[in-house]
Every structure is written in C-alpha cells, then in structure tokens.
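Since the structure comes first, as structure tokens, the remarks are kept for the end.
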Amino acid sequence: MFRLSTIDIVNKKTQKKGPSPQPRRPPVRRLRADAQRNLDVLLQSAMAVFATSGVDAPVRQIAEKAGVGVGTVYRHFPQRSDLIVAVFRREVDACADAAPVLAAEHPPGEALARWLQRYVDFISAKRGLATALHSGDPAYDTLPAYFLKRLRPALQTLLDTAVVAGDVRAGVKPDDLLHAVPSLCAPARDADPGRSQRMLALLVDGLRYGAKPSRRAPNPSRS
C-alpha cells in the first residue's frame with residue numbers, strides 16, 4: 001500500500017553527505033497537440049491497468065486499453081521504469097495544477113478543502129505503483145524530490161491565502177499536511193468507502209480551529 005511516505009524518503013536522502021551527481025539529459029522536445037493527447041491516453045491507460053493489475057501487468061494489456069500497438073508503448077518508454085516514472089509525474093502534475101484552478105473558482109477555505117480531497121484521490125490512485133516506488137530501484141530515486149517540488153508550493157499557496165482570509169489557523173506546514181492526509185485516509189480493513197471523506201472533514205475542521213483574519217499578504221514562495 002502506497003501511503004506517500006515520500007517525504008520520509010526524501011528527508012533521508014538529503015541527509016547524505018556530498019552533492020548527488022546530476023545526469024545530463026537530452027533537451028525536451030515539445031510534442032504536437034495530437035501526439036500529446038495520444039501520450040496522455042497511454043499514460044492514463046497505464047495508470048488504470050497498474051491500479052487493477054499491478055505494475056507488472058503485461059505491456060500488451062496497457063497497449064490494448066490505450067488502443068495502440070505494443071511497439072508504440074516501447075517507442076515512448078523503452079523500459080517499464082520509464083513508463084512508471086512518467087505515470088507518477090503526470091499524476092503529481094495534475095494534482096499540483098489543480099491548486100490554482102480551485103483557488104480561482106472557490107473561496108480560500110473551500111479551495112483548500114477541495115484540493116486536499118484531490119490529494120486524497122491522488123493517493124488512492126498511486127497505490128497501484130507502490131511495489132515499484134518502494135522497490136529500491138534507482139530509476140525512481142528522483143520521484144520523492146519531484147513530489148515535494150510540485151506539491152509543496154501548491155499547497156503552501158492555498159494555505160497562505162486561507163490564513164489571510166481567516167478560514168484556517170496560521171502556522172500549519174504544508175509538509176505536515178502532505179504527510180498527515182495519507183495516514184488519516186489509509187484504507188480501513190472494512191473497506192468503508194466514506195471513511196477517507198470523514199477523516200478529511202475532521203482534519204479540515206481542525207485547521208479552522210483558532211483561525212483569525214490576517215492583514216498579512218500571502219507569500220507563495222515560503223515553504
């Protein structure tokens with residue numbers, strides 16, 4: 001089960017002495033709109049297959065779900081780890097990108113609550129990747145840092161805005177929420193489908209306790 005212990009992993013890595021060598025990467029080429037859509041369908045299909053059949057599911061099963069040939073999958077992702085990394089990063093990006101959209105559509109407190117629910121959905125989707133992500137394969141070493149790089153500032157901005165609006169109390173750290181939500185919303189043995197929503201509602205109520213409007217402008221860069 002993938003409980004997003006990613007924060008713990010990245011903290012351990014940053015305690016190692018000496019800088020980590022950065023591999024040189026080829027320049028990223030922008031895909032045509034239709035090619036990008038096809039790639040999105042492929043990654044979406046891979047995520048769905050991983051969720052039901054695990055990360056060792058046959059490539060043919062992924063290709064059939066995406067409506068492409070097996071060769072197309074291997075052309076984009078020569079190694080299985082390449083596909084798993086791409087699926088993970090896509091899901092992280094979607095979760096992070098939801099933050100400004102929700103902030104534009106809802107009041108600060110509601111935007112934060114809705115994003116936390118989006119984060120719960122993200123966690124649930126990632127459980128199919130657990131075996132690979134915790135395998136110790138160096139192909140996944142960069143993912144914990146990527147997770148924090150994208151989600152920490154997205155959540156920090158929502159928190160800052162909600163604090164200024166007086167919707168949540170000050171002093172809440174984004175890392176604390178990124179770590180607490182997966183623990184609270186871990187699936188129970190009785191598989192109660194409403195448990196995650198109830199636990200999240202309790203957490204959000206706790207964030208509101210002691211909230212006071214602030215005159216301080218939010219600082220999205222603070223982490």
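Chain lettering (A, B, ...) mirrors the order of the structure tokens, residue numbering begins at 1 for each chain separately, and ligand numbering begins at 1 in order of display.
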
So that each row is one residue of region 34-114 of chain A with an atom at most 8 Å from region 138-152 of chain A, can you give its shortest atom pair and the distance in Å to one decimal, using only C-alpha atoms, rows by chain and rising number, as a tab-separated table?
residue	atom	partner	partner_atom	distance
A:Ser81	CA	A:Ala139	CA	6.5
A:Asp82	CA	A:Ala139	CA	7.9
A:Val85	CA	A:Tyr140	CA	6.8
A:Phe88	CA	A:Leu143	CA	7.9
A:Arg89	CA	A:Leu143	CA	7.6
A:Val92	CA	A:Phe147	CA	6.4
A:Asp93	CA	A:Arg150	CA	6.9
A:Cys95	CA	A:Leu151	CA	7.4
A:Ala96	CA	A:Leu151	CA	5.3

Those residues you just picked out, can you put them in a file as a PDB file, in the first residue's frame with N, CA and C atoms?
ATOM      1  N   SER A  81      10.308   0.931 -16.170  1.00  0.00           N
ATOM      2  CA  SER A  81      10.518   2.005 -15.193  1.00  0.00           C
ATOM      3  C   SER A  81      10.274   3.375 -15.816  1.00  0.00           C
ATOM      4  N   ASP A  82      10.589   3.533 -17.115  1.00  0.00           N
ATOM      5  CA  ASP A  82      10.329   4.806 -17.792  1.00  0.00           C
ATOM      6  C   ASP A  82       8.829   5.120 -17.784  1.00  0.00           C
ATOM      7  N   VAL A  85       7.660   5.993 -14.122  1.00  0.00           N
ATOM      8  CA  VAL A  85       8.071   7.350 -13.764  1.00  0.00           C
ATOM      9  C   VAL A  85       7.173   8.373 -14.450  1.00  0.00           C
ATOM     10  N   PHE A  88       3.733   8.471 -12.758  1.00  0.00           N
ATOM     11  CA  PHE A  88       3.795   9.146 -11.458  1.00  0.00           C
ATOM     12  C   PHE A  88       3.893  10.662 -11.624  1.00  0.00           C
ATOM     13  N   ARG A  89       4.793  11.106 -12.480  1.00  0.00           N
ATOM     14  CA  ARG A  89       4.983  12.543 -12.678  1.00  0.00           C
ATOM     15  C   ARG A  89       3.722  13.191 -13.243  1.00  0.00           C
ATOM     16  N   VAL A  92       1.285  13.610 -10.362  1.00  0.00           N
ATOM     17  CA  VAL A  92       1.736  14.688  -9.481  1.00  0.00           C
ATOM     18  C   VAL A  92       1.436  16.039 -10.110  1.00  0.00           C
ATOM     19  N   ASP A  93       1.744  16.171 -11.388  1.00  0.00           N
ATOM     20  CA  ASP A  93       1.499  17.438 -12.079  1.00  0.00           C
ATOM     21  C   ASP A  93       0.016  17.801 -12.080  1.00  0.00           C
ATOM     22  N   CYS A  95      -2.244  16.954  -9.926  1.00  0.00           N
ATOM     23  CA  CYS A  95      -2.647  17.357  -8.581  1.00  0.00           C
ATOM     24  C   CYS A  95      -2.161  18.773  -8.273  1.00  0.00           C
ATOM     25  N   ALA A  96      -0.911  19.061  -8.619  1.00  0.00           N
ATOM     26  CA  ALA A  96      -0.363  20.397  -8.370  1.00  0.00           C
ATOM     27  C   ALA A  96      -1.095  21.454  -9.193  1.00  0.00           C
TER      28      ALA A  96
END

Item to check | All residues 12 Å or closer to Glu91 (chain A), only C-alpha atoms, same chain fewer than 6 positions away omitted, as a PyMOL selection string | outcome: chain A and resi 40+43-44+46-48+84-85+97-98+118-119+121-126+129+143+146-147+150-151

Restrict the selected residues to N, CA and C atoms and save them as an mmCIF file, in the first residue's frame.
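Result went into selection20.cif, see below:
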data_model
loop_
_atom_site.group_PDB
_atom_site.id
_atom_site.type_symbol
_atom_site.label_atom_id
_atom_site.label_comp_id
_atom_site.auth_asym_id
_atom_site.auth_seq_id
_atom_site.Cartn_x
_atom_site.Cartn_y
_atom_site.Cartn_z
ATOM 1 N N ASP A 40 -1.059 11.175 -23.481
ATOM 2 C CA ASP A 40 -1.881 11.276 -22.273
ATOM 3 C C ASP A 40 -2.796 10.061 -22.137
ATOM 4 N N LEU A 43 -0.697 7.123 -20.957
ATOM 5 C CA LEU A 43 -0.362 7.199 -19.535
ATOM 6 C C LEU A 43 -1.595 6.960 -18.656
ATOM 7 N N GLN A 44 -2.729 7.466 -19.109
ATOM 8 C CA GLN A 44 -3.984 7.240 -18.379
ATOM 9 C C GLN A 44 -4.318 5.752 -18.348
ATOM 10 N N ALA A 46 -2.192 3.275 -18.704
ATOM 11 C CA ALA A 46 -1.201 2.583 -17.873
ATOM 12 C C ALA A 46 -1.559 2.714 -16.402
ATOM 13 N N MET A 47 -1.997 3.915 -15.979
ATOM 14 C CA MET A 47 -2.373 4.121 -14.590
ATOM 15 C C MET A 47 -3.545 3.230 -14.210
ATOM 16 N N ALA A 48 -4.533 3.118 -15.097
ATOM 17 C CA ALA A 48 -5.705 2.288 -14.821
ATOM 18 C C ALA A 48 -5.320 0.813 -14.725
ATOM 19 N N ILE A 84 6.548 3.905 -15.631
ATOM 20 C CA ILE A 84 6.090 4.139 -14.260
ATOM 21 C C ILE A 84 6.452 5.548 -13.804
ATOM 22 N N VAL A 85 7.660 5.993 -14.122
ATOM 23 C CA VAL A 85 8.071 7.350 -13.764
ATOM 24 C C VAL A 85 7.173 8.373 -14.450
ATOM 25 N N ASP A 97 -1.383 21.147 -10.447
ATOM 26 C CA ASP A 97 -2.030 22.121 -11.334
ATOM 27 C C ASP A 97 -3.479 22.398 -10.943
ATOM 28 N N ALA A 98 -4.062 21.511 -10.147
ATOM 29 C CA ALA A 98 -5.435 21.732 -9.700
ATOM 30 C C ALA A 98 -5.527 22.874 -8.694
ATOM 31 N N ARG A 118 -8.675 16.366 -3.532
ATOM 32 C CA ARG A 118 -7.975 15.985 -4.774
ATOM 33 C C ARG A 118 -6.697 15.229 -4.435
ATOM 34 N N TYR A 119 -6.045 15.630 -3.375
ATOM 35 C CA TYR A 119 -4.831 14.953 -2.927
ATOM 36 C C TYR A 119 -5.143 13.533 -2.444
ATOM 37 N N ASP A 121 -7.525 11.675 -3.598
ATOM 38 C CA ASP A 121 -7.725 10.911 -4.831
ATOM 39 C C ASP A 121 -6.385 10.525 -5.453
ATOM 40 N N PHE A 122 -5.443 11.447 -5.403
ATOM 41 C CA PHE A 122 -4.096 11.189 -5.915
ATOM 42 C C PHE A 122 -3.453 10.022 -5.163
ATOM 43 N N ILE A 123 -3.583 10.024 -3.849
ATOM 44 C CA ILE A 123 -3.005 8.962 -3.024
ATOM 45 C C ILE A 123 -3.619 7.612 -3.382
ATOM 46 N N SER A 124 -4.928 7.595 -3.522
ATOM 47 C CA SER A 124 -5.616 6.351 -3.851
ATOM 48 C C SER A 124 -5.147 5.802 -5.191
ATOM 49 N N ALA A 125 -4.972 6.684 -6.157
ATOM 50 C CA ALA A 125 -4.533 6.255 -7.483
ATOM 51 C C ALA A 125 -3.115 5.705 -7.457
ATOM 52 N N LYS A 126 -2.279 6.219 -6.549
ATOM 53 C CA LYS A 126 -0.883 5.825 -6.522
ATOM 54 C C LYS A 126 -0.616 4.469 -5.878
ATOM 55 N N LEU A 129 1.113 1.803 -7.774
ATOM 56 C CA LEU A 129 2.531 1.955 -8.080
ATOM 57 C C LEU A 129 3.425 1.604 -6.903
ATOM 58 N N LEU A 143 11.913 10.727 -7.791
ATOM 59 C CA LEU A 143 10.478 10.977 -7.644
ATOM 60 C C LEU A 143 10.082 11.622 -6.321
ATOM 61 N N TYR A 146 10.681 15.247 -6.678
ATOM 62 C CA TYR A 146 9.743 15.835 -7.631
ATOM 63 C C TYR A 146 8.377 16.030 -6.982
ATOM 64 N N PHE A 147 7.962 15.049 -6.195
ATOM 65 C CA PHE A 147 6.702 15.125 -5.454
ATOM 66 C C PHE A 147 6.663 16.388 -4.593
ATOM 67 N N ARG A 150 6.693 19.893 -6.583
ATOM 68 C CA ARG A 150 5.449 20.300 -7.215
ATOM 69 C C ARG A 150 4.309 20.529 -6.218
ATOM 70 N N LEU A 151 4.171 19.639 -5.225
ATOM 71 C CA LEU A 151 3.006 19.724 -4.353
ATOM 72 C C LEU A 151 3.192 20.680 -3.182
#

Next on the checklist: Taking only C-alpha atoms into account, name the residue in A:Asp167, A:Asp175, A:Glu110, A:Asp192 that is nearest to Lys212 (chain A).
Outcome noted: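 Nearest candidate to Lys212 (chain A) out of A:Asp167, A:Asp175, A:Glu110, A:Asp192: A:Asp167.
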
Checklist entry - Hey, what does DSSP flag as helix (DSSP H, G or I) within region 41-156 of chain A? Can you give it to me as a ChimeraX atom specification? => result /A:41-53,59-66,70-76,80-105,108-133,138-140,143-156

Could you pull the residues within 9 Å of region 153-158 of chain A, counting only C-alpha atoms, minus those fewer than 2 positions along the same chain, as a compact mmCIF listing (two decimals) with C-alpha atoms, in the first residue's frame?
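So the final result, stored in part39.txt, reads:
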# COMPACT_ATOMS: atom_id res chain seq x y z
CA CYS A 95 -2.65 17.36 -8.58
CA ALA A 96 -0.36 20.40 -8.37
CA ASP A 97 -2.03 22.12 -11.33
CA ALA A 98 -5.44 21.73 -9.70
CA ALA A 99 -4.46 24.20 -6.94
CA PRO A 100 -4.63 27.47 -8.94
CA ALA A 103 -8.25 28.93 -6.00
CA PRO A 108 -9.87 30.25 0.05
CA GLY A 109 -11.06 27.81 2.70
CA ALA A 111 -10.37 25.78 -2.32
CA LEU A 112 -8.01 24.30 0.27
CA TRP A 115 -7.55 20.44 -3.06
CA LEU A 116 -6.99 18.17 -0.06
CA LEU A 148 7.76 17.80 -2.96
CA LYS A 149 8.88 20.29 -5.59
CA ARG A 150 5.45 20.30 -7.22
CA LEU A 151 3.01 19.72 -4.35
CA ASP A 160 -1.38 31.20 2.91
CA THR A 161 -4.47 32.51 1.17
CA ALA A 162 -6.81 30.68 3.54
CA VAL A 163 -4.92 32.01 6.57
CA LYS A 173 3.16 23.49 7.50
CA PRO A 174 2.47 22.04 4.04
CA ASP A 175 4.76 19.08 4.73
CA LEU A 177 -0.46 18.01 5.74
CA LEU A 178 1.22 16.12 2.90
CA PRO A 218 0.27 35.67 1.44
CA ASN A 219 3.78 34.69 0.42
CA PRO A 220 3.53 31.81 -2.08
CA SER A 221 7.31 31.30 -2.12
CA ARG A 222 7.50 30.41 1.59
CA SER A 223 7.79 26.67 2.28

Next on the checklist: List the spatial neighbours of Leu202 (chain A) as an MDAnalysis selection string - criterion: any atom at most 12 Å away, only C-alpha atoms, same-chain residues fewer than 5 positions off excluded.
Outcome noted: chainID A and resid 113 181 184:185 195:197 207:209

Checklist entry - So which residues touch His76 (chain A) within 12 Å, counting only C-alpha atoms, skipping near sequence neighbours fewer than 6 positions away, as a ChimeraX atom specification? => result /A:31,35-36,38-40,42-43,63,68-70,82-84,86

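Between CA of Ala57 (chain A) and CA of Ala94 (chain A) the interatomic distance comes to 23.6 Å.
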
Next on the checklist: So that I can check the surroundings of Gly54 (chain A), please list as a ChimeraX atom specification every protein, DNA and RNA residue that reaches within 8 Å of it, counting only C-alpha atoms and ignoring chain neighbours fewer than 4 positions away.
Outcome noted: /A:49-50,128-129,131

Checklist entry - What separation in Å, quoted to one decimal, exists between CA of Ala211 (chain A) and CA of Ala170 (chain A)? => result 6.9 Å

Next on the checklist: Using Å and a single decimal, report how far CA of Ala66 (chain A) sits from CA of Ser45 (chain A).
Outcome noted: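 These two atoms are separated by 5.5 Å.
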